[in-house]
Amino acid sequence: MGEVELSCRAYVKMYLHACLFPRCSINGLLLSSSSAGGAVCVTDCVPLLHSHLPLAPITQLALTQVDVWCSQTQQRIVGYYQANACVSDSSPTPCALKIADKIAEQFDSAVLLMLDGSKMSPDYRVPPIVMYERKDSRWTLKDKHMIMLRQWEETRAIAGQMMESGDHMQLVDFDTHLDDITKDWTNQKLNTKIAELASPANGNI
């Protein structure tokens with residue numbers, strides 16, 4: 001499997017999801033709108049849960065709804081992300097492996113991304129992510145040199161800026177949507193804000 005490229009939007013939303021529920025395990029799906037061969041370009045993510053991660057019926061419901069939405073918006077599910085409640089633990093749980101396996105059945109180059117809670121400070125100079133790829137029916141650590149997060153300094157600054165301005169409070173995960181179905185789990189308002197902050201007009205790419 002080749003390179004994995006993570007977009008600003010995907011990273012910032014994962015980061016805000018983890019920051020919104022700092023004492024919880026959180027998870028979500030990684031999406032791609034690119035059909036380029038070779039590299040996997042993660043262009044967006046859908047935050048799923050912040051409680052009862054192993055609850056199969058809710059996960060299945062979320063996967064089905066996201067799949068339908070992806071087919072309507074020319075996207076596909078290419079991976080899974082999770083942050084554990086214990087910040088010092090960035091190992092995939094049985095739940096993470098099970099959901100990632102399910103995604104890998106549909107997409108051969110699926111990735112499993114764990115957020116490292118011990119490195120989530122905005123001042124941290126390296127992306128706080130640990131990525132796994134599936135080889136011979138097992139999830140193994142991916143070479144970090146094959147993980148691309150272009151414009152990392154700008155992405156990190158945008159994530160910090162949105163935290164400071166309280167934008168993480170706008171993030172809606174699937175859990176929150178189930179409590180109030182008027183809330184948008186696709187997070188279009190947040191996407192727009194990230195795009196504005198990342199625009200060349202603001203000195204970012």
# chains A, B, ... in the order shown; residues from 1 in each chain; ligands from 1
$ residues_around --residues "Thr73 of chain A" --least-positions-apart "4" --cutoff "12 Å" --atoms "only C-alpha atoms" --output "list in words"
Leu31, Ser32, Ser33, Ser34, Asp44, Val66, Asp67, Val68, Trp69, Ile77 and Thr186 of chain A
$ write_last_selection --atoms "C-alpha atoms" --output "PDB file, in the first residue's frame"
ATOM      1  CA  LEU A  31     -13.612   9.648   3.588  1.00  0.00           C
ATOM      2  CA  SER A  32     -12.060  10.279   0.198  1.00  0.00           C
ATOM      3  CA  SER A  33     -13.421  12.114  -2.797  1.00  0.00           C
ATOM      4  CA  SER A  34     -10.383  11.213  -4.891  1.00  0.00           C
ATOM      5  CA  ASP A  44     -12.909  14.509   5.021  1.00  0.00           C
ATOM      6  CA  VAL A  66     -22.665   7.512   5.839  1.00  0.00           C
ATOM      7  CA  ASP A  67     -22.387   5.019   2.968  1.00  0.00           C
ATOM      8  CA  VAL A  68     -25.609   6.326   1.424  1.00  0.00           C
ATOM      9  CA  TRP A  69     -24.473   9.935   1.819  1.00  0.00           C
ATOM     10  CA  ILE A  77     -15.271   5.406   3.170  1.00  0.00           C
ATOM     11  CA  THR A 186     -21.942  16.136   7.951  1.00  0.00           C
TER      12      THR A 186
END
$ residues_around --residues "Ala10 of chain A" --least-positions-apart "3" --cutoff "9 Å" --atoms "only C-alpha atoms" --output "compact mmCIF listing (two decimals) with N, CA and C atoms, in the first residue's frame"
# COMPACT_ATOMS: atom_id res chain seq x y z
N LEU A 6 -3.45 13.15 4.26
CA LEU A 6 -4.53 13.58 5.15
C LEU A 6 -4.78 15.07 4.91
N SER A 7 -6.01 15.45 4.60
CA SER A 7 -6.30 16.86 4.33
C SER A 7 -6.43 17.66 5.62
N LYS A 13 -11.12 18.30 11.93
CA LYS A 13 -12.37 17.76 12.49
C LYS A 13 -12.11 16.62 13.47
N MET A 14 -11.12 15.77 13.18
CA MET A 14 -10.76 14.71 14.14
C MET A 14 -10.25 15.33 15.44
N TYR A 15 -9.40 16.33 15.28
CA TYR A 15 -8.82 17.02 16.45
C TYR A 15 -9.92 17.66 17.30
N LEU A 30 -13.14 7.87 7.95
CA LEU A 30 -12.33 8.68 7.04
C LEU A 30 -12.88 8.53 5.63
N LEU A 31 -13.02 9.65 4.93
CA LEU A 31 -13.61 9.65 3.59
C LEU A 31 -12.62 10.16 2.55
N VAL A 42 -7.24 11.20 2.08
CA VAL A 42 -8.36 11.37 3.04
C VAL A 42 -8.76 12.83 3.00
N THR A 43 -9.92 13.11 2.41
CA THR A 43 -10.33 14.49 2.21
C THR A 43 -11.31 15.00 3.26
N ASP A 44 -11.92 14.10 4.02
CA ASP A 44 -12.91 14.51 5.02
C ASP A 44 -13.06 13.39 6.04
N CYS A 45 -13.77 13.67 7.12
CA CYS A 45 -14.09 12.61 8.09
C CYS A 45 -15.50 12.86 8.63
N VAL A 46 -16.11 11.80 9.11
CA VAL A 46 -17.42 11.90 9.77
C VAL A 46 -17.25 11.43 11.21
$ closest_residue --among "A:Met162, A:Gly79, A:Met131, A:Gln151" --to "Asp116 of chain A" --atoms "only C-alpha atoms"
A:Met131
$ atom_distance --atom1 "atom CA of Ala39 of chain A" --atom2 "atom CA of Glu133 of chain A"
12.8 Å
$ closest_residue --among "A:Lys102, A:His145, A:Thr176, A:Ser121" --to "Thr64 of chain A" --atoms "only C-alpha atoms"
A:Lys102
$ select_by_dssp --residues "segment 46-129 of chain A" --states "strand (DSSP E or B)" --output "list of chain:residue names"
A:Val46, A:Pro47, A:Leu48, A:Leu49, A:Arg76, A:Ile77, A:Val78, A:Gly79, A:Tyr80, A:Tyr81, A:Gln82, A:Ala83, A:Val111, A:Leu112, A:Leu113, A:Met114, A:Leu115, A:Ile129
$ write_last_selection --atoms "N, CA and C atoms" --output "compact mmCIF listing (two decimals), in the first residue's frame"
# COMPACT_ATOMS: atom_id res chain seq x y z
N VAL A 46 -16.11 11.80 9.11
CA VAL A 46 -17.42 11.90 9.77
C VAL A 46 -17.25 11.43 11.21
N PRO A 47 -17.35 12.37 12.18
CA PRO A 47 -17.28 11.97 13.59
C PRO A 47 -18.49 11.10 13.95
N LEU A 48 -18.24 9.96 14.56
CA LEU A 48 -19.35 9.04 14.88
C LEU A 48 -19.80 9.12 16.33
N LEU A 49 -19.01 8.52 17.22
CA LEU A 49 -19.50 8.34 18.59
C LEU A 49 -18.55 8.91 19.63
N ARG A 76 -16.16 8.07 -0.77
CA ARG A 76 -16.19 6.69 -0.29
C ARG A 76 -15.51 6.61 1.08
N ILE A 77 -15.89 5.61 1.86
CA ILE A 77 -15.27 5.41 3.17
C ILE A 77 -13.94 4.67 2.94
N VAL A 78 -12.84 5.29 3.41
CA VAL A 78 -11.52 4.69 3.16
C VAL A 78 -10.79 4.34 4.46
N GLY A 79 -11.41 4.62 5.61
CA GLY A 79 -10.71 4.31 6.85
C GLY A 79 -11.52 4.67 8.07
N TYR A 80 -10.87 4.47 9.21
CA TYR A 80 -11.51 4.63 10.51
C TYR A 80 -10.53 5.34 11.44
N TYR A 81 -11.06 6.23 12.30
CA TYR A 81 -10.18 6.84 13.30
C TYR A 81 -10.76 6.67 14.69
N GLN A 82 -9.88 6.69 15.68
CA GLN A 82 -10.31 6.55 17.07
C GLN A 82 -9.31 7.22 17.98
N ALA A 83 -9.80 7.79 19.08
CA ALA A 83 -8.94 8.26 20.17
C ALA A 83 -9.46 7.59 21.43
N VAL A 111 -7.35 2.41 5.87
CA VAL A 111 -6.39 2.73 6.93
C VAL A 111 -7.11 2.83 8.27
N LEU A 112 -6.35 2.54 9.32
CA LEU A 112 -6.84 2.66 10.69
C LEU A 112 -5.95 3.70 11.36
N LEU A 113 -6.55 4.79 11.79
CA LEU A 113 -5.79 5.91 12.35
C LEU A 113 -6.15 6.07 13.83
N MET A 114 -5.14 6.05 14.67
CA MET A 114 -5.34 6.30 16.10
C MET A 114 -4.76 7.67 16.44
N LEU A 115 -5.54 8.48 17.17
CA LEU A 115 -5.05 9.77 17.64
C LEU A 115 -4.30 9.54 18.95
N ILE A 129 -0.67 11.38 15.34
CA ILE A 129 -1.42 10.26 14.77
C ILE A 129 -0.53 9.02 14.64
$ closest_residue --among "A:Leu97, A:Cys8, A:Ala62, A:Val126" --to "Glu196 of chain A" --atoms "only C-alpha atoms"
A:Cys8
$ closest_residue --among "A:His17, A:Thr155, A:Ser71, A:Ser51" --to "Asn187 of chain A" --atoms "only C-alpha atoms"
A:His17
$ closest_residue --among "A:Ile158, A:Leu178, A:Leu171, A:Val87" --to "Met120 of chain A" --atoms "only C-alpha atoms"
A:Val87
$ atom_distance --atom1 "atom CA of Ser109 of chain A" --atom2 "atom CA of Pro94 of chain A"
19.7 Å
$ atom_distance --atom1 "atom CA of Phe107 of chain A" --atom2 "atom CA of Pro57 of chain A"
21.5 Å
$ closest_residue --among "A:His177, A:Arg134, A:His50, A:Arg9" --to "Cys24 of chain A" --atoms "only C-alpha atoms"
A:His50
